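Here's the structure, in structure tokens; my notes come after.
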Amino acid sequence: MADCEPEGHQFMDLRVPEYAYMFGFLQADGHLYQQSRQRGRLTVELNARDVELLREFQKLTPYNSSITARTRSTNFAEVHSSHTWSLWSLEARTTLNELGLPYGHKSRTVAPPHGDFSPRDYLRGVIDADGSVGYTSKGFPFLSLTTASTAIGTYLCGYAREITKAERNIKRNARDAIYNILYTNENAQKLAADLYYSDCLALERKKSAADSLQSWARPAGMKVAPERRRWTAHEDRVLLRLNNDAAAAQELGRTENGCCIRLWRLRTGRVPDRAGR
């Protein structure tokens, strides 16, 4: 058993960038199994092209673990080559479980860890596992996350708001009840630059994609869409009190059409009534 922990820190000290990243990745793409008599294992399976990340996890873990390879047919490819990192230590599994990596199915229940941790490294791990970075079919930068966890989706939106000032209201899609959170253009550039900083631990292909976003420049004549102004409880109260689109628009500094639509949504229950009537 080789001691590969970052100097001066214990295994899974989430204040350490590498461990924060690793924990975020494990929450999204790792699987913790439990059997009788305290037996169990942690596994992470990745495409063969990403095996180097598994080797980094192995180096960061001061417990015996292994990386195995296999090739099989899938619904997406006749030949799919992958590598799986497996860790059996009860002590290591207990540490991860106490930090917030559940045994068994976890997609909706995982949440950012309690206590001190490195936020951008944790989020980079989540995005490397369950997100995408690159260019749209039309050549515009984007950074996205697909998650079933309300807590993680909300945390990303809050963090990104501090970096980009962009507001996002998360909502599960109708097809499979997951959240699809998307940032584009300058917002994607800013967020990618913050998360994928120089010499950080990351999937190399996603770090390269994130770095490439910084070369994009908005085409001449392409307008910047203004960020949506969110309705506040105070504005809802004014709108309901006045009950007049024109008067509300003048007092609130909004358009008459916007006030009309918001008033209709409040009256029909399309949005929660926070006015305290």
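Order determines the names: the first chain of the structure tokens is A, the second B, and so forth; residues in each chain are numbered 1 upward, and ligands are numbered 1 upward as they are shown.
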
Item to check | range 170-179 of chain A surroundings by only C-alpha atoms, 12 Å radius, close-in-sequence under 4 positions cut, as number ranges by chain | outcome: A: 107-108, 130-131, 144-158

Checklist entry - Got a sec to tell me which of range 13-182 of chain A DSSP assigns to alpha helix (DSSP H), as a count of residues only? => result 60

Taking only C-alpha atoms into account, produce a table as CSV in which each residue of range 126-161 of chain A with an atom at most 12 Å from an atom of range 210-227 of chain A appears once, together with its shortest atom pair and the distance in Å to one decimal, ordered by chain and rising number.
residue,atom,partner,partner_atom,distance
A:Ile127,CA,A:Ala210,CA,11.4
A:Asp128,CA,A:Ala210,CA,10.8
A:Gly131,CA,A:Ala210,CA,11.9
A:Ser132,CA,A:Ala210,CA,9.5
A:Val133,CA,A:Ala210,CA,6.0
A:Gly134,CA,A:Ala210,CA,6.5
A:Tyr135,CA,A:Leu213,CA,7.7
A:Thr136,CA,A:Leu213,CA,11.1
A:Gly139,CA,A:Trp216,CA,9.0
A:Phe140,CA,A:Trp216,CA,7.9
A:Pro141,CA,A:Leu213,CA,5.9
A:Phe142,CA,A:Leu213,CA,8.2
A:Leu143,CA,A:Ala210,CA,8.3
A:Ser144,CA,A:Ala210,CA,11.5
A:Arg161,CA,A:Glu227,CA,11.3

Checklist entry - Looking at A:Val79, A:Ala192, A:Ala48, A:Leu201, which one is nearest to Leu60 in chain A, with distances taken over only C-alpha atoms? => result A:Leu201

Contacts of range 155-257 of chain A with range 15-32 of chain A up to 12 Å, shortest pair per row, only C-alpha atoms, as a Markdown table:
| residue | atom | partner | partner_atom | distance |
| --- | --- | --- | --- | --- |
| A:Leu156 | CA | A:Gly24 | CA | 11.9 |
| A:Leu195 | CA | A:Tyr21 | CA | 10.4 |
| A:Tyr196 | CA | A:Tyr21 | CA | 11.0 |
| A:Tyr197 | CA | A:Pro17 | CA | 11.3 |
| A:Asp199 | CA | A:Glu18 | CA | 10.8 |
| A:Cys200 | CA | A:Glu18 | CA | 7.9 |
| A:Leu201 | CA | A:Glu18 | CA | 6.2 |
| A:Ala202 | CA | A:Tyr21 | CA | 7.9 |
| A:Leu203 | CA | A:Phe25 | CA | 10.3 |

Any chance you could list, as a PDB file with C-alpha atoms, in the first residue's frame, the residues in range 40-217 of chain A that come up strand (DSSP E) when DSSP is run on the backbone?
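New file states.pdb:
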ATOM      1  CA  GLY A  40     -18.430  -4.093  -0.636  1.00  0.00           C
ATOM      2  CA  ARG A  41     -16.603  -2.050  -3.224  1.00  0.00           C
ATOM      3  CA  LEU A  42     -16.425   1.247  -5.025  1.00  0.00           C
ATOM      4  CA  THR A  43     -16.190   1.106  -8.823  1.00  0.00           C
ATOM      5  CA  VAL A  44     -15.792   3.645 -11.596  1.00  0.00           C
ATOM      6  CA  GLU A  45     -15.946   2.499 -15.218  1.00  0.00           C
ATOM      7  CA  LEU A  46     -14.721   4.831 -17.978  1.00  0.00           C
ATOM      8  CA  ASN A  47     -14.063   4.626 -21.669  1.00  0.00           C
ATOM      9  CA  SER A  65      -7.133  -0.874  -5.582  1.00  0.00           C
ATOM     10  CA  SER A  66      -7.034  -2.185  -9.122  1.00  0.00           C
ATOM     11  CA  ILE A  67      -7.740  -1.103 -12.699  1.00  0.00           C
ATOM     12  CA  THR A  68      -9.041  -3.735 -15.073  1.00  0.00           C
ATOM     13  CA  ALA A  69      -9.880  -3.590 -18.776  1.00  0.00           C
ATOM     14  CA  ARG A  70     -12.671  -5.186 -20.782  1.00  0.00           C
ATOM     15  CA  THR A  71     -14.135  -5.103 -24.262  1.00  0.00           C
ATOM     16  CA  ARG A  72     -17.795  -5.781 -25.035  1.00  0.00           C
ATOM     17  CA  HIS A  80     -16.555  -0.858 -26.618  1.00  0.00           C
ATOM     18  CA  SER A  81     -13.346  -0.837 -24.591  1.00  0.00           C
ATOM     19  CA  SER A  82     -13.431   0.386 -21.008  1.00  0.00           C
ATOM     20  CA  HIS A  83     -11.425   0.353 -17.785  1.00  0.00           C
ATOM     21  CA  THR A  84     -12.800  -0.053 -14.263  1.00  0.00           C
ATOM     22  CA  TRP A  85     -11.166   1.164 -11.078  1.00  0.00           C
ATOM     23  CA  SER A  86     -12.180  -0.922  -8.029  1.00  0.00           C
ATOM     24  CA  LEU A  87     -11.599  -0.102  -4.369  1.00  0.00           C
ATOM     25  CA  GLY A 131     -21.749  17.300 -18.131  1.00  0.00           C
ATOM     26  CA  SER A 132     -20.497  18.537 -21.474  1.00  0.00           C
ATOM     27  CA  VAL A 133     -18.177  21.304 -22.647  1.00  0.00           C
ATOM     28  CA  GLY A 134     -17.592  22.429 -26.210  1.00  0.00           C
ATOM     29  CA  TYR A 135     -19.303  24.061 -29.173  1.00  0.00           C
ATOM     30  CA  PRO A 141     -19.533  27.836 -26.814  1.00  0.00           C
ATOM     31  CA  PHE A 142     -21.525  25.886 -24.236  1.00  0.00           C
ATOM     32  CA  LEU A 143     -21.123  24.232 -20.856  1.00  0.00           C
ATOM     33  CA  SER A 144     -23.907  22.018 -19.524  1.00  0.00           C
ATOM     34  CA  LEU A 145     -24.823  19.596 -16.762  1.00  0.00           C
ATOM     35  CA  THR A 146     -27.404  16.847 -16.785  1.00  0.00           C
ATOM     36  CA  THR A 147     -28.396  15.731 -13.294  1.00  0.00           C
ATOM     37  CA  TYR A 179     -32.437  18.771 -15.049  1.00  0.00           C
ATOM     38  CA  ASN A 180     -30.608  20.083 -18.117  1.00  0.00           C
ATOM     39  CA  ILE A 181     -28.645  23.174 -17.092  1.00  0.00           C
ATOM     40  CA  LEU A 182     -27.013  25.094 -19.929  1.00  0.00           C
ATOM     41  CA  TYR A 183     -24.670  28.078 -20.231  1.00  0.00           C
ATOM     42  CA  THR A 184     -23.679  29.473 -23.619  1.00  0.00           C
TER      43      THR A 184
END

I'd like the contact shell of Asn187 in chain A - 8 Å cut-off, only C-alpha atoms, skipping same-chain residues fewer than 4 positions apart - returned as a PDB file with C-alpha atoms, in the first residue's frame.
ATOM      1  CA  THR A 164     -21.329  34.925 -14.737  1.00  0.00           C
ATOM      2  CA  ALA A 166     -26.549  34.613 -15.266  1.00  0.00           C
ATOM      3  CA  TYR A 183     -24.670  28.078 -20.231  1.00  0.00           C
ATOM      4  CA  LEU A 191     -17.578  29.447 -16.221  1.00  0.00           C
TER       5      LEU A 191
END

Item to check | Proximity to Pro112 in chain A - best of A:Leu14, A:Gln35, A:Ala246, A:Glu256, only C-alpha atoms | outcome: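 Going through A:Leu14, A:Gln35, A:Ala246, A:Glu256 one by one, the smallest distance to Pro112 in chain A is for A:Leu14.
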